[in-house]
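The next block holds one structure in the form of structure tokens; read it before the comments.
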Amino acid sequence: MREPVLEIAGVSKHFAVRRAPLAALAGRPRRRVQAVAGVEFAICQRECFGLVGESGCGKSTLARLALGLLRPDVGKIRFQGEDISTLSGAGLRALRRGMQMVFQDPYASLNPRMTVGAAIAEPLAWHRVVPPAEVKAETRRLLSEVGLGPETVERYPRDLSGGQRQRVGIARSLAVRPALLVADEAVSALDVSVRAQVLNLLGDLGERRGLSMLFISHDLGVIAYLCARVGVMYLGHLVECGPVSEVFRAPAHPYTRALIGAIPKPDPGAPHPARPLEGEPPSAAAVPEGCPFRTRCPSAQPVCATPPPRVTFGAGHSAACHFATEIRNQGAN
Amino acid sequence: MSSRPASEAPLLALEGVGVTVATGGATLVEDVSFTLGAGESFGIVGESGSGKSTTVRAIIGLLPPSLNASGRILFAGESIAGAGEARLARLRGAGIGMVFQDPLAALNPVMTVGRQIAEALRWHGRLDPTARRRRTTEVMRLVGLPEPERLAASYPHELSGGQRQRVALAIALACAPRLLLADEPTTALDVTIQDQILRLLDELRRSLGMALVLVTHDLGVIARVCERVAVMYGGRIVEEAPVARLFAAPAHPYTRMLLDSIPQGPRTLHPLAPIPGRPPDPAHRPPGCGFAPRCPRASSACAERPPPWRAHTASGGFACLHPLLARAPAHA
């Protein structure tokens with residue numbers, strides 16, 4: 001069994017919603033948004049773990065928790081065996097070197113007044129990754145590793161295309177030689193042809209550098225391409241988790257099933273599922289009791305008002321649903 | 001370029017439509033032609049900067065003043081290219097409805113959604129106030145908005161993204177247009193909500209007999225709702241085909257490579273072969289085929305002048321000197 005690099009153990013996170021002054025005077029209770037609820041999974045060395053879900057499901061909050069940018073209310077996050085909530089000073093600095101983020105929009109994460117070379121040299125110098133004399137050469141090496149020529153050093157983010165900017169963002173993340181890359185919708189803003197390039201780049205880097213990856217996306221297709229395992233989130237809950245092949249072949253949670261069915265397939269002959277998912281996810285400030293999905297679930301029963309058990313199957317496949325076994329036996333759509 | 005018999009007048013016809021930037025002269029759209037029959041659904045697919053959105057905006061005269069359009073646009077047999085603002089205003093909504101990617105930008109933030117739908121009816125001089133209210137409720141129901149009477153009193157910011165897109169659709173449909181132009185209508189929506197809106201568009205088209213031009217970057221969306229599709233690259237249509245053939249046997253190398261860029265499973269089993277390089281900058285288009293610099297089949301002739309349009313033996317056509325054609329069928 002490979003060592004886990006990142007462990008998310010029973011993690012929950014709430015945010016308080018600011019009340020209007022009048023509501024506060026009237027003594028109305030402060031509303032709480034449940035962003036992440038009891039999430040549990042681990043990412044092993046060299047593993048690419050995908051996290052999928054729709055807007056507001058808590059996947060980006062989970063990324064911030066994993067990176068130590070937010071602290072969990074409940075639960076533990078361990079990076080290379082160490083509880084990151086206890087870290088400070090030098091420990092935190094080492095953590096920042098160990099895990100890096102790739103953002104959706106590198107245009108927003110790169111300083112527009114800094115050349116590409118300076119943007120990549122900064123973390124190299126700050127974390128003393130290489131001696132000062134070697135910073136220049138290392139910058140070029142990193143650029144070539146992500147498929148950019150040495151002339152890119154002098155360019156500014158505005159001179160680059162979206163795909164090139166994303167490559168710069170990746171090179172900057174790699175500068176400190178992290179063990180884990182957290183990619184939050186890293187290819188979502190890219191055109192189809194450029195997206196394929198960046199997906200292959202991430203896959204190659206993962207293999208070559210032995211990186212672990214937390215790959216967050218709303219797109220199951222790109223997750224299935226890059227990741228071996230996937231977690232499906234709905235309203236803060238990890239409703240299903242397992243090997244990508246298993247989850248696609250025999251989804252065990254009705255939400256996963258609906259999500260797979262809703263993806264428009266590039267095949268005009270593909271059958272559409274007879275029943276689309278109706279309604280919209282409720283607000284994260286009003287998550288239903290019991291199963292969070294029961295208000296939209298086509299298979300919901302009265303028992304779903306109670307918290308669903310986590311049903312486990314072979315190969316690390318599990319789903320939080322009262323009827324997981326029945327759903328799984330129905331196979332894919 | 002259409003397979004339609006000449007006797008049947010198309011609902012919409014574009015002939016050699018071009019769009020250039022007034023200052024500097026960069027060409028955004030060049031020589032775009034296609035026709036659309038009543039009740040038909042036509043997709044335009046392409047990546048950023050391919051000119052797909054500019055083309056649909058040109059149809060309805062919604063280009064900013066900094067852009068110049070040329071060519072012929074016929075709606076129900078009448079030329080509407082360069083039509084005056086008054087005529088276009090009558091046409092928008094009543095003859096041609098529109099929905100865009102971001103409904104929040106299309107909706108008035110300080111007007112209730114019910115009033116905005118009624119406004120579309122009033123603008124086109126339809127109905128008395130009572131009938132307008134009735135029609136407002138009716139179209140809200142048509143687009144699947146729950147409790148229309150209550151929802152009509154809400155403001156756009158109080159609605160979810162999916163509901164806003166339904167409101168934008170209700171406004172577009174209020175005057176029962178014969179053609180709906182939809183520019184990336186589901187791109188900003190979550191996949192389960194996208195599924196709902198695509199189903200709705202499909203149902204509405206069938207039940208109302210309305211034609212649809214759908215612009216998207218997503219080939220999956222095209223496969224889902226369109227009967228025919230045009231692929232745009234570098235401001236031109238490079239291929240047009242019935243949707244089944246486009247996916248099964250594309251003729252243009254760009255179409256083939258675009259299809260091959262969509263993940264179809266794990267990388268270990270179905271590795272993607274991405275298109276090298278990137279699309280041309282509209283200000284510096286190559287003189288020949290726009291795709292030639294990235295095309296593995298390109299020859300020196302491709303770089304000289306844009307390849308002529310060639311009709312496909314079945315229907316549709318392509319602009320390529322070195323198409324990927326299966327052996328021609330015997331009856332061709």
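Each chain in the structure tokens gets a letter, A, B and so on, in the order shown; residues start at 1 in every chain, and ligands are counted from 1 in the order they appear.
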
When you look at Asp184 in chain A with a cut-off of 6 Å (counting only C-alpha atoms), what residues show up, excluding the ones that are within fewer than 6 positions of it in the same chain? I need them as a PDB file with N, CA and C atoms, in the first residue's frame.
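Result written to part-v4.pdb:
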ATOM      1  N   PHE A 103      -4.488  27.485 -10.733  1.00  0.00           N
ATOM      2  CA  PHE A 103      -5.792  28.140 -10.739  1.00  0.00           C
ATOM      3  C   PHE A 103      -6.479  28.034 -12.096  1.00  0.00           C
ATOM      4  N   GLN A 104      -7.792  28.335 -12.088  1.00  0.00           N
ATOM      5  CA  GLN A 104      -8.550  28.306 -13.338  1.00  0.00           C
ATOM      6  C   GLN A 104      -8.070  29.393 -14.288  1.00  0.00           C
ATOM      7  N   ILE A 216      -9.639  19.189  -9.461  1.00  0.00           N
ATOM      8  CA  ILE A 216     -11.025  19.574  -9.218  1.00  0.00           C
ATOM      9  C   ILE A 216     -11.644  20.098 -10.505  1.00  0.00           C
TER      10      ILE A 216
END

All residues 10 Å or closer to Leu6 in chain A, only C-alpha atoms, same chain fewer than 5 positions away omitted, as a PyMOL selection string: chain A and resi 41-45+66-67+77-83+99+179-180+212-214

For the residues in the current selection, export N, CA and C atoms as a compact mmCIF listing (two decimals), in the first residue's frame.
# COMPACT_ATOMS: atom_id res chain seq x y z
N PHE A 41 -11.37 11.34 2.40
CA PHE A 41 -10.68 10.59 1.34
C PHE A 41 -9.19 10.80 1.50
N ALA A 42 -8.41 10.02 0.77
CA ALA A 42 -6.96 10.16 0.83
C ALA A 42 -6.40 10.07 -0.58
N ILE A 43 -5.30 10.78 -0.79
CA ILE A 43 -4.63 10.74 -2.10
C ILE A 43 -3.25 10.14 -1.89
N CYS A 44 -2.94 9.08 -2.63
CA CYS A 44 -1.66 8.40 -2.47
C CYS A 44 -0.59 9.06 -3.33
N GLN A 45 0.63 8.65 -3.08
CA GLN A 45 1.75 9.11 -3.90
C GLN A 45 1.51 8.77 -5.36
N ALA A 66 -7.47 21.89 1.96
CA ALA A 66 -6.34 21.00 1.72
C ALA A 66 -5.03 21.78 1.71
N LEU A 67 -5.09 23.00 1.18
CA LEU A 67 -3.89 23.81 1.08
C LEU A 67 -3.55 24.52 2.39
N ILE A 77 -6.73 17.30 8.60
CA ILE A 77 -6.11 17.22 7.28
C ILE A 77 -4.64 16.95 7.49
N ARG A 78 -4.19 15.83 6.97
CA ARG A 78 -2.78 15.46 7.13
C ARG A 78 -2.09 15.48 5.77
N PHE A 79 -0.93 16.15 5.75
CA PHE A 79 -0.12 16.18 4.54
C PHE A 79 1.19 15.46 4.86
N GLN A 80 1.49 14.43 4.14
CA GLN A 80 2.66 13.58 4.39
C GLN A 80 2.72 13.18 5.87
N GLY A 81 1.54 12.85 6.38
CA GLY A 81 1.44 12.31 7.73
C GLY A 81 1.33 13.36 8.84
N GLU A 82 1.46 14.64 8.48
CA GLU A 82 1.48 15.66 9.51
C GLU A 82 0.18 16.45 9.51
N ASP A 83 -0.40 16.67 10.68
CA ASP A 83 -1.64 17.44 10.79
C ASP A 83 -1.32 18.90 10.48
N MET A 99 3.02 21.61 -1.31
CA MET A 99 1.83 21.56 -2.16
C MET A 99 1.60 22.89 -2.84
N ALA A 179 5.11 18.08 -3.84
CA ALA A 179 4.73 16.67 -3.90
C ALA A 179 3.28 16.55 -4.37
N LEU A 180 2.50 17.62 -4.12
CA LEU A 180 1.08 17.59 -4.46
C LEU A 180 0.70 18.86 -5.22
N SER A 212 1.54 13.86 -6.93
CA SER A 212 0.16 13.53 -6.59
C SER A 212 -0.67 14.74 -7.00
N MET A 213 -1.93 14.50 -7.36
CA MET A 213 -2.74 15.61 -7.82
C MET A 213 -4.16 15.53 -7.27
N LEU A 214 -4.65 16.67 -6.79
CA LEU A 214 -6.07 16.81 -6.49
C LEU A 214 -6.63 17.63 -7.63

Test item: residues at most 12 Å from Val110 in chain B, only C-alpha atoms, excluding those fewer than 6 positions along its chain, as a list of chain:residue names: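 Using only C-alpha atoms, the neighbours found are B:Leu104, B:Gln116, B:Ala153, B:Ser154, B:Tyr155, B:Pro156, B:His157, B:Glu158.
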
Would you output that residue set with N, CA and C atoms, as a short mmCIF file (atom, residue, chain, number, x, y, z; two decimals), in the first residue's frame?
data_model
loop_
_atom_site.label_atom_id
_atom_site.label_comp_id
_atom_site.auth_asym_id
_atom_site.auth_seq_id
_atom_site.Cartn_x
_atom_site.Cartn_y
_atom_site.Cartn_z
N LEU B 104 -27.87 37.38 -17.04
CA LEU B 104 -27.87 38.52 -16.12
C LEU B 104 -27.54 39.80 -16.87
N GLN B 116 -40.59 42.52 -17.61
CA GLN B 116 -39.68 42.45 -18.76
C GLN B 116 -40.25 41.59 -19.88
N ALA B 153 -43.06 38.52 -10.08
CA ALA B 153 -42.82 39.70 -9.25
C ALA B 153 -41.39 39.77 -8.75
N SER B 154 -40.53 38.80 -9.13
CA SER B 154 -39.16 38.84 -8.61
C SER B 154 -38.22 39.55 -9.58
N TYR B 155 -37.09 39.94 -9.04
CA TYR B 155 -36.06 40.61 -9.83
C TYR B 155 -34.99 39.59 -10.23
N PRO B 156 -34.27 39.87 -11.32
CA PRO B 156 -33.29 38.89 -11.80
C PRO B 156 -32.32 38.38 -10.73
N HIS B 157 -31.87 39.27 -9.83
CA HIS B 157 -30.86 38.82 -8.85
C HIS B 157 -31.43 37.81 -7.86
N GLU B 158 -32.75 37.73 -7.78
CA GLU B 158 -33.36 36.79 -6.83
C GLU B 158 -33.46 35.37 -7.42
#

Quick one: which chain B residues come within 6 Å of chain A, and what is the nearest atom pair for each with the distance in Å to one decimal, counting only C-alpha atoms, rows ordered by chain and ascending number, as a tab-separated table?
residue	atom	partner	partner_atom	distance
B:Glu47	CA	A:Asp191	CA	5.8
B:Asp190	CA	A:Glu54	CA	5.8
B:Thr192	CA	A:Ala262	CA	5.5
B:Asp195	CA	A:Ala262	CA	5.4
B:Leu219	CA	A:Pro266	CA	5.5
B:Gly220	CA	A:Pro266	CA	4.0
B:Val221	CA	A:Pro264	CA	5.5
B:Ala223	CA	A:Pro268	CA	4.4
B:Ala244	CA	A:Pro268	CA	5.9
B:Ser261	CA	A:Ala196	CA	5.5
B:Pro263	CA	A:Gly221	CA	5.9
B:Gly265	CA	A:Tyr225	CA	5.2
B:Pro266	CA	A:Tyr225	CA	4.1
B:Arg267	CA	A:Tyr225	CA	5.0
B:Pro274	CA	A:Ala196	CA	5.3
B:Ile275	CA	A:Ser193	CA	5.8

Within 12 Å of range 304-315 of chain A, counting only C-alpha atoms, which residues show up once you throw out same-chain ones fewer than 6 positions away? Write them as a compact mmCIF listing (two decimals) with N, CA and C atoms, in the first residue's frame, please.
# COMPACT_ATOMS: atom_id res chain seq x y z
N GLY A 38 -18.32 16.52 6.61
CA GLY A 38 -17.85 15.14 6.88
C GLY A 38 -17.17 14.46 5.71
N VAL A 39 -16.31 15.18 5.02
CA VAL A 39 -15.66 14.60 3.84
C VAL A 39 -14.43 13.81 4.24
N GLU A 40 -14.28 12.68 3.59
CA GLU A 40 -13.20 11.77 3.94
C GLU A 40 -12.65 11.11 2.67
N ALA A 228 -7.38 8.42 -11.71
CA ALA A 228 -7.67 7.01 -11.49
C ALA A 228 -8.86 6.86 -10.56
N ARG A 229 -8.98 7.80 -9.59
CA ARG A 229 -10.11 7.74 -8.67
C ARG A 229 -10.83 9.07 -8.69
N HIS A 237 -21.27 17.36 0.66
CA HIS A 237 -21.07 15.96 1.02
C HIS A 237 -20.37 15.21 -0.10
N LEU A 238 -19.50 14.30 0.28
CA LEU A 238 -18.89 13.40 -0.69
C LEU A 238 -19.88 12.24 -0.85
N VAL A 239 -20.67 12.28 -1.91
CA VAL A 239 -21.76 11.30 -2.02
C VAL A 239 -21.28 9.97 -2.59
N GLU A 240 -20.19 10.03 -3.38
CA GLU A 240 -19.66 8.78 -3.94
C GLU A 240 -18.17 8.93 -4.17
N CYS A 241 -17.46 7.83 -4.06
CA CYS A 241 -16.02 7.86 -4.22
C CYS A 241 -15.56 6.49 -4.70
N GLY A 242 -14.60 6.47 -5.62
CA GLY A 242 -14.11 5.17 -6.07
C GLY A 242 -13.30 5.28 -7.34
N PRO A 243 -12.86 4.13 -7.85
CA PRO A 243 -12.12 4.13 -9.12
C PRO A 243 -13.01 4.69 -10.24
N VAL A 244 -12.43 5.53 -11.10
CA VAL A 244 -13.21 6.17 -12.15
C VAL A 244 -13.97 5.14 -12.98
N SER A 245 -13.28 4.04 -13.34
CA SER A 245 -13.92 3.05 -14.21
C SER A 245 -15.15 2.45 -13.54
N GLU A 246 -15.05 2.17 -12.23
CA GLU A 246 -16.18 1.60 -11.48
C GLU A 246 -17.33 2.60 -11.39
N VAL A 247 -16.99 3.85 -11.06
CA VAL A 247 -18.02 4.87 -10.85
C VAL A 247 -18.79 5.10 -12.16
N ALA A 250 -20.79 1.56 -13.00
CA ALA A 250 -21.90 1.23 -12.12
C ALA A 250 -22.01 2.27 -11.00
N PRO A 251 -22.48 3.47 -11.33
CA PRO A 251 -22.61 4.49 -10.30
C PRO A 251 -23.56 4.00 -9.19
N ALA A 252 -23.20 4.27 -7.94
CA ALA A 252 -23.98 3.74 -6.83
C ALA A 252 -24.77 4.84 -6.13
N HIS A 253 -24.61 6.10 -6.55
CA HIS A 253 -25.41 7.17 -5.98
C HIS A 253 -26.27 7.79 -7.09
N VAL A 287 -29.47 23.05 3.66
CA VAL A 287 -29.24 21.68 3.21
C VAL A 287 -30.29 20.78 3.86
N PRO A 288 -30.97 19.95 3.06
CA PRO A 288 -31.99 19.08 3.65
C PRO A 288 -31.38 18.15 4.70
N GLU A 289 -32.20 17.81 5.71
CA GLU A 289 -31.74 16.84 6.71
C GLU A 289 -31.66 15.47 6.07
N GLY A 290 -30.83 14.62 6.64
CA GLY A 290 -30.68 13.29 6.07
C GLY A 290 -29.83 13.37 4.82
N CYS A 291 -30.31 12.75 3.75
CA CYS A 291 -29.56 12.80 2.49
C CYS A 291 -29.71 14.17 1.85
N PRO A 292 -28.60 14.84 1.51
CA PRO A 292 -28.71 16.19 0.94
C PRO A 292 -29.36 16.21 -0.44
N PHE A 293 -29.38 15.05 -1.10
CA PHE A 293 -29.88 14.98 -2.48
C PHE A 293 -31.36 14.63 -2.54
N ARG A 294 -31.98 14.33 -1.39
CA ARG A 294 -33.30 13.70 -1.46
C ARG A 294 -34.38 14.60 -2.08
N THR A 295 -34.19 15.95 -2.04
CA THR A 295 -35.22 16.83 -2.61
C THR A 295 -35.26 16.75 -4.13
N ARG A 296 -34.20 16.25 -4.75
CA ARG A 296 -34.19 16.14 -6.22
C ARG A 296 -34.08 14.70 -6.69
N CYS A 297 -33.99 13.79 -5.76
CA CYS A 297 -33.66 12.41 -6.12
C CYS A 297 -34.87 11.66 -6.65
N PRO A 298 -34.73 11.04 -7.84
CA PRO A 298 -35.87 10.28 -8.39
C PRO A 298 -36.17 9.02 -7.58
N CYS A 321 -25.71 6.39 0.37
CA CYS A 321 -27.10 6.34 -0.09
C CYS A 321 -27.76 5.13 0.56
N HIS A 322 -29.03 5.31 0.98
CA HIS A 322 -29.77 4.19 1.57
C HIS A 322 -29.96 3.06 0.57
N PHE A 323 -29.96 3.41 -0.73
CA PHE A 323 -30.25 2.41 -1.75
C PHE A 323 -29.07 2.18 -2.68
N ALA A 324 -27.85 2.40 -2.15
CA ALA A 324 -26.66 2.35 -3.00
C ALA A 324 -26.54 1.02 -3.75
N THR A 325 -26.82 -0.09 -3.06
CA THR A 325 -26.66 -1.40 -3.70
C THR A 325 -27.64 -1.53 -4.87
N GLU A 326 -28.90 -1.13 -4.65
CA GLU A 326 -29.90 -1.23 -5.72
C GLU A 326 -29.51 -0.35 -6.91
N ILE A 327 -29.08 0.90 -6.60
CA ILE A 327 -28.72 1.84 -7.68
C ILE A 327 -27.55 1.27 -8.48
N ARG A 328 -26.57 0.72 -7.75
CA ARG A 328 -25.38 0.21 -8.41
C ARG A 328 -25.73 -0.96 -9.32
N ASN A 329 -26.69 -1.79 -8.88
CA ASN A 329 -27.06 -2.95 -9.69
C ASN A 329 -27.78 -2.57 -10.98

All helix (DSSP H, G or I) residues (DSSP, backbone) inside range 93-314 of chain B, as a PyMOL selection string: chain B and resi 93-94+103-106+113-123+129-142+148-151+156-158+161-173+191-208+219-225+243-248+253-259+282-284+292-294+300-303
